[in-house]
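Novice: Right, I'll just put the structure down here and ask away after.
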Amino acid sequence: MKDINIEKTKYSLEVITDEENGIVKMSGASYPENAIEFFEPIIRWLNEYIEEVGEKLIMELKITYQNTSSSKMILDMIYILEDYFEAGGDVKVIWFYEEDDEDIYETGEELMEDFELPFKIIAY
Amino acid sequence: MKDIDLFDWYKNIQGSNIFFAINGTISHSLLVEFGEMIKSRLFQIEEERQVIKKVFAIFVELAQNLMNYSSAKVKIVNTDKYVGSGIILLRENADCYEVISGNLVRNSKIDMIRSKCEYINSLNKTELKEYYKAEKRKPLNKETLSAGIGLIDIVRKANNPIKFMANQKDENLSFMELSIKIMK
């Protein structure tokens with residue numbers, strides 16, 4: 001399967017997948033024109049990785065701003081990981097927030113509350 | 001085309017402390033440019049980065065709301081895209097910033113939006129969080145790209161009620177205003 005490497009813009013995330021090490025990294029601000037279109041390849045990658053590789057999977061999220069449709073798509077991606085976790089997959093989500101950014105911290109905390117999978121919140 | 005009395009217009013907005021105003025269509029690329037402008041402007045007048053981020057986030061959410069839902073849509077030249085048209089204002093008061101949007105909406109939708117705002121305003125912090133989470137679990141509307149949570153998100157970020165106003169323009173359309181304050 002092909003890895004994803006999307007460069008960041010002012011309004012969309014940098015996305016890097018690493019099949020060999022089972023890592024997906026996303027960082028930046030997210031308010032693309034069409035959130036479904038933007039996140040669709042990443043969701044496809046996750047599903048393929050789980051289906052074809054089936055090894056450990058770490059998702060690192062370093063979001064500085066997300067509009068509501070992006071936050072919805074990010075939630076959907078974590079649901080995919082949660083299903084994988086429930087099926088016995090080795091999964092971890094790491095949520096990064098800038099030290100004084102309460103809103104982003106709270107967003108991470110709220111996500112953590114809703115999932116069973118290992119979820120870490122780390123300040124930078 | 002109607003003549004503009006600029007002096008009259010100038011007198012009208014004196015004292016309203018508006019530092020950003022746009023009337024017309026907002027494409028996505030313009031939204032991004034305006035967002036950057038607003039951030040740079042706020043960096044000059046506001047020390048609290050959290051406040052700047054909140055004002056920016058609320059501007060983006062209200063602008064995208066307008067782009068997607070305004071009943072006055074304009075076709076972008078050389079594309080098959082239509083974007084909504086309306087007004088967005090930002091102003092600075094002594095104790096807060098205020099983001100205001102105004103656009104045309106079908107009369108038939110006014111009651112629904114009004115009751116949604118009233119419902120959101122009636123919830124306390126914990127209830128808002130639960131409502132937000134419940135709505136977020138619903139699938140995204142593929143046509144409007146709406147997660148249905150924009151208004152809830154705005155109220156949560158601002159920690160203030162959203163003000164709703166509507167004036168009927170004709171038998172089909174009303175001019176709807178949404179405004180929200182972000183405390184300094």
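To be explicit about the labels: the chains of the structure tokens are called A, B, and onward in the order shown, and within each one the residues are counted from 1, while ligands get numbers from 1 in the order they are shown.
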With 10 Å as the cut-off and only C-alpha atoms counted, what is the closest atom pair between each nearby residue of chain B and chain A? Distances in Å to one decimal, ordered by chain and number, as a Markdown table.
Specialist:
| residue | atom | partner | partner_atom | distance |
| --- | --- | --- | --- | --- |
| B:Ser27 | CA | A:Glu33 | CA | 8.9 |
| B:His28 | CA | A:Glu33 | CA | 5.9 |
| B:Ser29 | CA | A:Glu33 | CA | 8.5 |
| B:Leu31 | CA | A:Glu33 | CA | 9.6 |
| B:Val32 | CA | A:Tyr11 | CA | 6.8 |
| B:Glu33 | CA | A:Lys10 | CA | 9.3 |
| B:Gly35 | CA | A:Tyr11 | CA | 9.7 |
| B:Glu36 | CA | A:Lys10 | CA | 8.6 |
| B:Arg49 | CA | A:Asp101 | CA | 8.4 |
| B:Gln50 | CA | A:Asp101 | CA | 6.6 |
| B:Lys53 | CA | A:Tyr65 | CA | 8.1 |
| B:Lys54 | CA | A:Asp103 | CA | 8.6 |
| B:Phe56 | CA | A:Tyr65 | CA | 9.5 |
| B:Ala57 | CA | A:Asn67 | CA | 7.1 |
| B:Ile58 | CA | A:Asn67 | CA | 9.1 |
| B:Val60 | CA | A:Asn67 | CA | 7.5 |
| B:Glu61 | CA | A:Asn67 | CA | 6.7 |
| B:Gln64 | CA | A:Glu33 | CA | 8.9 |
| B:Lys129 | CA | A:Glu110 | CA | 8.6 |
| B:Glu130 | CA | A:Glu110 | CA | 9.9 |
| B:Lys133 | CA | A:Glu110 | CA | 8.5 |
| B:Glu135 | CA | A:Lys72 | CA | 9.6 |
| B:Lys136 | CA | A:Lys72 | CA | 6.1 |
| B:Arg137 | CA | A:Lys72 | CA | 7.7 |
| B:Lys138 | CA | A:Lys72 | CA | 8.9 |
| B:Pro139 | CA | A:Lys72 | CA | 8.3 |
| B:Leu140 | CA | A:Lys72 | CA | 7.4 |
| B:Asn141 | CA | A:Ser69 | CA | 9.5 |
| B:Lys142 | CA | A:Ile36 | CA | 7.8 |
| B:Thr144 | CA | A:Asn34 | CA | 9.7 |
| B:Leu145 | CA | A:Ser69 | CA | 6.8 |
| B:Ser146 | CA | A:Ser69 | CA | 6.3 |
| B:Ala147 | CA | A:Ser69 | CA | 5.3 |
| B:Gly148 | CA | A:Thr68 | CA | 8.3 |
| B:Ile149 | CA | A:Thr68 | CA | 6.4 |
| B:Gly150 | CA | A:Thr68 | CA | 5.9 |
| B:Leu151 | CA | A:Thr68 | CA | 9.4 |
| B:Ile152 | CA | A:Thr68 | CA | 9.6 |
| B:Asp153 | CA | A:Thr68 | CA | 7.3 |
| B:Ile154 | CA | A:Thr68 | CA | 9.6 |
| B:Arg156 | CA | A:Asp103 | CA | 9.7 |
| B:Lys157 | CA | A:Asp103 | CA | 7.6 |
Novice: Could you pull the residues within 10 Å of Glu109 (chain A), counting only C-alpha atoms, minus those fewer than 3 positions along the same chain, as a PDB file with all heavy atoms, in the first residue's frame?
Specialist:
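result_14.pdb written:
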ATOM      1  N   TRP A  95      -2.604  12.770  21.517  1.00  0.00           N
ATOM      2  CA  TRP A  95      -3.159  14.091  21.240  1.00  0.00           C
ATOM      3  C   TRP A  95      -2.214  15.145  21.808  1.00  0.00           C
ATOM      4  O   TRP A  95      -2.014  15.220  23.015  1.00  0.00           O
ATOM      5  CB  TRP A  95      -4.557  14.208  21.885  1.00  0.00           C
ATOM      6  CG  TRP A  95      -5.248  15.508  21.641  1.00  0.00           C
ATOM      7  CD1 TRP A  95      -5.194  16.617  22.430  1.00  0.00           C
ATOM      8  CD2 TRP A  95      -6.115  15.829  20.545  1.00  0.00           C
ATOM      9  NE1 TRP A  95      -5.975  17.618  21.890  1.00  0.00           N
ATOM     10  CE2 TRP A  95      -6.541  17.163  20.733  1.00  0.00           C
ATOM     11  CE3 TRP A  95      -6.558  15.119  19.425  1.00  0.00           C
ATOM     12  CZ2 TRP A  95      -7.406  17.801  19.847  1.00  0.00           C
ATOM     13  CZ3 TRP A  95      -7.413  15.760  18.540  1.00  0.00           C
ATOM     14  CH2 TRP A  95      -7.829  17.086  18.758  1.00  0.00           C
ATOM     15  N   ASP A 103      -8.570  25.170  24.883  1.00  0.00           N
ATOM     16  CA  ASP A 103      -9.602  24.614  23.994  1.00  0.00           C
ATOM     17  C   ASP A 103      -9.139  23.307  23.349  1.00  0.00           C
ATOM     18  O   ASP A 103      -9.895  22.338  23.292  1.00  0.00           O
ATOM     19  CB  ASP A 103      -9.989  25.621  22.902  1.00  0.00           C
ATOM     20  CG  ASP A 103     -10.918  26.706  23.449  1.00  0.00           C
ATOM     21  OD1 ASP A 103     -11.451  26.522  24.566  1.00  0.00           O
ATOM     22  OD2 ASP A 103     -11.094  27.735  22.777  1.00  0.00           O
ATOM     23  N   ILE A 104      -7.888  23.301  22.875  1.00  0.00           N
ATOM     24  CA  ILE A 104      -7.380  22.090  22.227  1.00  0.00           C
ATOM     25  C   ILE A 104      -7.175  20.979  23.269  1.00  0.00           C
ATOM     26  O   ILE A 104      -7.461  19.811  23.017  1.00  0.00           O
ATOM     27  CB  ILE A 104      -6.055  22.389  21.466  1.00  0.00           C
ATOM     28  CG1 ILE A 104      -6.333  23.310  20.265  1.00  0.00           C
ATOM     29  CG2 ILE A 104      -5.364  21.107  21.001  1.00  0.00           C
ATOM     30  CD1 ILE A 104      -7.141  22.693  19.128  1.00  0.00           C
ATOM     31  N   TYR A 105      -6.735  21.371  24.477  1.00  0.00           N
ATOM     32  CA  TYR A 105      -6.605  20.378  25.549  1.00  0.00           C
ATOM     33  C   TYR A 105      -7.968  19.742  25.841  1.00  0.00           C
ATOM     34  O   TYR A 105      -8.100  18.514  25.912  1.00  0.00           O
ATOM     35  CB  TYR A 105      -6.042  21.025  26.823  1.00  0.00           C
ATOM     36  CG  TYR A 105      -6.061  20.074  27.989  1.00  0.00           C
ATOM     37  CD1 TYR A 105      -5.103  19.071  28.093  1.00  0.00           C
ATOM     38  CD2 TYR A 105      -7.069  20.138  28.951  1.00  0.00           C
ATOM     39  CE1 TYR A 105      -5.142  18.153  29.138  1.00  0.00           C
ATOM     40  CE2 TYR A 105      -7.118  19.231  29.996  1.00  0.00           C
ATOM     41  CZ  TYR A 105      -6.151  18.243  30.087  1.00  0.00           C
ATOM     42  OH  TYR A 105      -6.203  17.330  31.104  1.00  0.00           O
ATOM     43  N   GLU A 106      -8.985  20.593  25.996  1.00  0.00           N
ATOM     44  CA  GLU A 106     -10.327  20.078  26.312  1.00  0.00           C
ATOM     45  C   GLU A 106     -10.882  19.197  25.202  1.00  0.00           C
ATOM     46  O   GLU A 106     -11.557  18.211  25.468  1.00  0.00           O
ATOM     47  CB  GLU A 106     -11.293  21.248  26.569  1.00  0.00           C
ATOM     48  CG  GLU A 106     -11.244  21.710  28.012  1.00  0.00           C
ATOM     49  CD  GLU A 106     -12.082  22.953  28.260  1.00  0.00           C
ATOM     50  OE1 GLU A 106     -13.069  23.168  27.526  1.00  0.00           O
ATOM     51  OE2 GLU A 106     -11.736  23.710  29.193  1.00  0.00           O
ATOM     52  N   MET A 112     -10.950  11.583  24.639  1.00  0.00           N
ATOM     53  CA  MET A 112     -10.443  10.507  25.475  1.00  0.00           C
ATOM     54  C   MET A 112     -11.574   9.868  26.282  1.00  0.00           C
ATOM     55  O   MET A 112     -11.633   8.646  26.407  1.00  0.00           O
ATOM     56  CB  MET A 112      -9.362  11.048  26.399  1.00  0.00           C
ATOM     57  CG  MET A 112      -8.556   9.981  27.083  1.00  0.00           C
ATOM     58  SD  MET A 112      -7.070  10.663  27.833  1.00  0.00           S
ATOM     59  CE  MET A 112      -7.731  11.356  29.317  1.00  0.00           C
ATOM     60  N   GLU A 113     -12.473  10.697  26.793  1.00  0.00           N
ATOM     61  CA  GLU A 113     -13.598  10.198  27.590  1.00  0.00           C
ATOM     62  C   GLU A 113     -14.464   9.214  26.824  1.00  0.00           C
ATOM     63  O   GLU A 113     -15.072   8.327  27.400  1.00  0.00           O
ATOM     64  CB  GLU A 113     -14.529  11.368  27.987  1.00  0.00           C
ATOM     65  CG  GLU A 113     -13.992  12.281  29.057  1.00  0.00           C
ATOM     66  CD  GLU A 113     -14.840  13.556  29.173  1.00  0.00           C
ATOM     67  OE1 GLU A 113     -15.937  13.627  28.560  1.00  0.00           O
ATOM     68  OE2 GLU A 113     -14.392  14.474  29.858  1.00  0.00           O
ATOM     69  N   ASP A 114     -14.554   9.413  25.520  1.00  0.00           N
ATOM     70  CA  ASP A 114     -15.507   8.646  24.725  1.00  0.00           C
ATOM     71  C   ASP A 114     -14.954   7.348  24.143  1.00  0.00           C
ATOM     72  O   ASP A 114     -15.687   6.608  23.508  1.00  0.00           O
ATOM     73  CB  ASP A 114     -16.041   9.507  23.571  1.00  0.00           C
ATOM     74  CG  ASP A 114     -17.097  10.475  24.066  1.00  0.00           C
ATOM     75  OD1 ASP A 114     -17.417  10.405  25.260  1.00  0.00           O
ATOM     76  OD2 ASP A 114     -17.593  11.276  23.260  1.00  0.00           O
ATOM     77  N   PHE A 119      -5.276   6.336  24.973  1.00  0.00           N
ATOM     78  CA  PHE A 119      -5.326   7.709  24.473  1.00  0.00           C
ATOM     79  C   PHE A 119      -4.476   8.560  25.409  1.00  0.00           C
ATOM     80  O   PHE A 119      -4.730   8.644  26.601  1.00  0.00           O
ATOM     81  CB  PHE A 119      -6.786   8.177  24.488  1.00  0.00           C
ATOM     82  CG  PHE A 119      -7.068   9.414  23.671  1.00  0.00           C
ATOM     83  CD1 PHE A 119      -7.847   9.347  22.528  1.00  0.00           C
ATOM     84  CD2 PHE A 119      -6.573  10.669  24.059  1.00  0.00           C
ATOM     85  CE1 PHE A 119      -8.126  10.485  21.774  1.00  0.00           C
ATOM     86  CE2 PHE A 119      -6.840  11.801  23.297  1.00  0.00           C
ATOM     87  CZ  PHE A 119      -7.624  11.706  22.156  1.00  0.00           C
ATOM     88  N   LYS A 120      -3.450   9.168  24.843  1.00  0.00           N
ATOM     89  CA  LYS A 120      -2.558   9.985  25.671  1.00  0.00           C
ATOM     90  C   LYS A 120      -2.667  11.440  25.268  1.00  0.00           C
ATOM     91  O   LYS A 120      -2.753  11.746  24.078  1.00  0.00           O
ATOM     92  CB  LYS A 120      -1.108   9.534  25.454  1.00  0.00           C
ATOM     93  CG  LYS A 120      -0.550   8.724  26.608  1.00  0.00           C
ATOM     94  CD  LYS A 120       0.843   8.288  26.262  1.00  0.00           C
ATOM     95  CE  LYS A 120       1.868   8.886  27.193  1.00  0.00           C
ATOM     96  NZ  LYS A 120       3.195   8.292  26.955  1.00  0.00           N
ATOM     97  N   ILE A 121      -2.630  12.334  26.259  1.00  0.00           N
ATOM     98  CA  ILE A 121      -2.626  13.760  25.958  1.00  0.00           C
ATOM     99  C   ILE A 121      -1.294  14.338  26.415  1.00  0.00           C
ATOM    100  O   ILE A 121      -0.906  14.179  27.569  1.00  0.00           O
ATOM    101  CB  ILE A 121      -3.799  14.478  26.666  1.00  0.00           C
ATOM    102  CG1 ILE A 121      -5.126  13.864  26.204  1.00  0.00           C
ATOM    103  CG2 ILE A 121      -3.765  15.974  26.388  1.00  0.00           C
ATOM    104  CD1 ILE A 121      -6.347  14.467  26.848  1.00  0.00           C
TER     105      ILE A 121
END
Novice: I need the alpha helix (DSSP H) residues of region 13-55 of chain B per DSSP on the backbone, written as a VMD selection string.
Specialist: chain B and resid 13 28 to 45 49 to 55
Novice: Where does DSSP see strand (DSSP E) in region 77-142 of chain B, if you list the residues as an mmCIF file with N, CA, C and O atoms, in the first residue's frame?
Specialist:
data_model
loop_
_atom_site.group_PDB
_atom_site.id
_atom_site.type_symbol
_atom_site.label_atom_id
_atom_site.label_comp_id
_atom_site.auth_asym_id
_atom_site.auth_seq_id
_atom_site.Cartn_x
_atom_site.Cartn_y
_atom_site.Cartn_z
ATOM 1 N N TYR B 82 -21.019 27.364 -6.322
ATOM 2 C CA TYR B 82 -21.821 28.481 -5.829
ATOM 3 C C TYR B 82 -21.460 28.733 -4.378
ATOM 4 O O TYR B 82 -21.328 27.793 -3.607
ATOM 5 N N VAL B 83 -21.276 30.001 -4.040
ATOM 6 C CA VAL B 83 -21.048 30.279 -2.616
ATOM 7 C C VAL B 83 -22.048 31.299 -2.112
ATOM 8 O O VAL B 83 -22.545 32.142 -2.856
ATOM 9 N N GLY B 84 -22.302 31.215 -0.830
ATOM 10 C CA GLY B 84 -23.276 32.088 -0.194
ATOM 11 C C GLY B 84 -22.770 33.508 -0.090
ATOM 12 O O GLY B 84 -21.568 33.771 -0.102
ATOM 13 N N SER B 85 -23.730 34.425 0.010
ATOM 14 C CA SER B 85 -23.401 35.827 0.103
ATOM 15 C C SER B 85 -24.039 36.391 1.374
ATOM 16 O O SER B 85 -25.105 35.955 1.798
ATOM 17 N N GLY B 86 -23.360 37.355 1.967
ATOM 18 C CA GLY B 86 -23.889 37.949 3.188
ATOM 19 C C GLY B 86 -22.917 38.945 3.775
ATOM 20 O O GLY B 86 -22.010 39.417 3.083
ATOM 21 N N ILE B 87 -23.127 39.267 5.026
ATOM 22 C CA ILE B 87 -22.298 40.260 5.711
ATOM 23 C C ILE B 87 -21.657 39.620 6.937
ATOM 24 O O ILE B 87 -22.324 38.884 7.655
ATOM 25 N N ILE B 88 -20.392 39.929 7.137
ATOM 26 C CA ILE B 88 -19.769 39.542 8.412
ATOM 27 C C ILE B 88 -19.028 40.740 8.983
ATOM 28 O O ILE B 88 -18.313 41.438 8.262
ATOM 29 N N LEU B 89 -19.255 40.998 10.249
ATOM 30 C CA LEU B 89 -18.601 42.108 10.931
ATOM 31 C C LEU B 89 -17.868 41.608 12.161
ATOM 32 O O LEU B 89 -18.331 40.667 12.817
ATOM 33 N N LEU B 90 -16.745 42.248 12.442
ATOM 34 C CA LEU B 90 -16.083 42.003 13.714
ATOM 35 C C LEU B 90 -15.914 43.339 14.390
ATOM 36 O O LEU B 90 -15.521 44.315 13.738
ATOM 37 N N ARG B 91 -16.213 43.395 15.673
ATOM 38 C CA ARG B 91 -15.961 44.649 16.356
ATOM 39 C C ARG B 91 -15.389 44.422 17.743
ATOM 40 O O ARG B 91 -15.540 43.358 18.326
ATOM 41 N N GLU B 92 -14.742 45.473 18.216
ATOM 42 C CA GLU B 92 -14.104 45.395 19.517
ATOM 43 C C GLU B 92 -14.816 46.331 20.474
ATOM 44 O O GLU B 92 -14.940 47.522 20.207
ATOM 45 N N CYS B 96 -15.089 43.065 25.285
ATOM 46 C CA CYS B 96 -15.257 41.849 24.472
ATOM 47 C C CYS B 96 -15.080 42.138 22.981
ATOM 48 O O CYS B 96 -15.018 43.285 22.556
ATOM 49 N N TYR B 97 -14.957 41.051 22.221
ATOM 50 C CA TYR B 97 -15.040 41.130 20.760
ATOM 51 C C TYR B 97 -16.400 40.570 20.375
ATOM 52 O O TYR B 97 -16.983 39.756 21.091
ATOM 53 N N GLU B 98 -16.897 41.016 19.228
ATOM 54 C CA GLU B 98 -18.193 40.512 18.800
ATOM 55 C C GLU B 98 -18.095 40.143 17.316
ATOM 56 O O GLU B 98 -17.544 40.894 16.514
ATOM 57 N N VAL B 99 -18.580 38.963 16.986
ATOM 58 C CA VAL B 99 -18.635 38.528 15.594
ATOM 59 C C VAL B 99 -20.108 38.481 15.207
ATOM 60 O O VAL B 99 -20.934 37.893 15.913
ATOM 61 N N ILE B 100 -20.434 39.148 14.101
ATOM 62 C CA ILE B 100 -21.836 39.250 13.680
ATOM 63 C C ILE B 100 -21.942 38.809 12.227
ATOM 64 O O ILE B 100 -21.153 39.239 11.380
ATOM 65 N N SER B 101 -22.896 37.948 11.931
ATOM 66 C CA SER B 101 -23.108 37.594 10.524
ATOM 67 C C SER B 101 -24.560 37.861 10.151
ATOM 68 O O SER B 101 -25.457 37.790 10.994
ATOM 69 N N GLY B 102 -24.768 38.205 8.892
ATOM 70 C CA GLY B 102 -26.125 38.461 8.415
ATOM 71 C C GLY B 102 -26.266 37.922 7.005
ATOM 72 O O GLY B 102 -25.399 38.131 6.162
ATOM 73 N N ASN B 103 -27.330 37.159 6.773
ATOM 74 C CA ASN B 103 -27.557 36.648 5.413
ATOM 75 C C ASN B 103 -29.019 36.275 5.221
ATOM 76 O O ASN B 103 -29.784 36.181 6.182
ATOM 77 N N LEU B 104 -29.366 36.100 3.958
ATOM 78 C CA LEU B 104 -30.745 35.734 3.643
ATOM 79 C C LEU B 104 -30.969 34.247 3.858
ATOM 80 O O LEU B 104 -30.104 33.426 3.522
ATOM 81 N N VAL B 105 -32.119 33.942 4.422
ATOM 82 C CA VAL B 105 -32.485 32.551 4.693
ATOM 83 C C VAL B 105 -33.957 32.385 4.323
ATOM 84 O O VAL B 105 -34.736 33.333 4.466
ATOM 85 N N ARG B 106 -34.318 31.210 3.806
ATOM 86 C CA ARG B 106 -35.724 30.952 3.501
ATOM 87 C C ARG B 106 -36.581 31.098 4.758
ATOM 88 O O ARG B 106 -36.202 30.606 5.820
#
Novice: Take CA of Lys116 (chain B) and CA of Ile52 (chain B) and report the distance between them in Å, one decimal.
Specialist: 26.4 Å
Novice: Would you mind reading off the distance between CA of Leu57 (chain A) and CA of Glu86 (chain A), one decimal, in Å?
Specialist: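 Separation between CA of Leu57 (chain A) and CA of Glu86 (chain A): 13.2 Å.
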Novice: Between B:Ile26, B:Lys184, B:Ser122, B:Asp3, which has the minimum distance to Asn65 (chain B) (counting only C-alpha atoms)?
Specialist: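 Answer, going by the shortest atom-to-atom distance: B:Ile26.
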Novice: Could you check the closest approach to Glu51 (chain A) for each of A:Thr17, A:Glu116, A:Met1, A:Ser27 and tell me which residue wins, using only C-alpha atoms?
Specialist: A:Met1
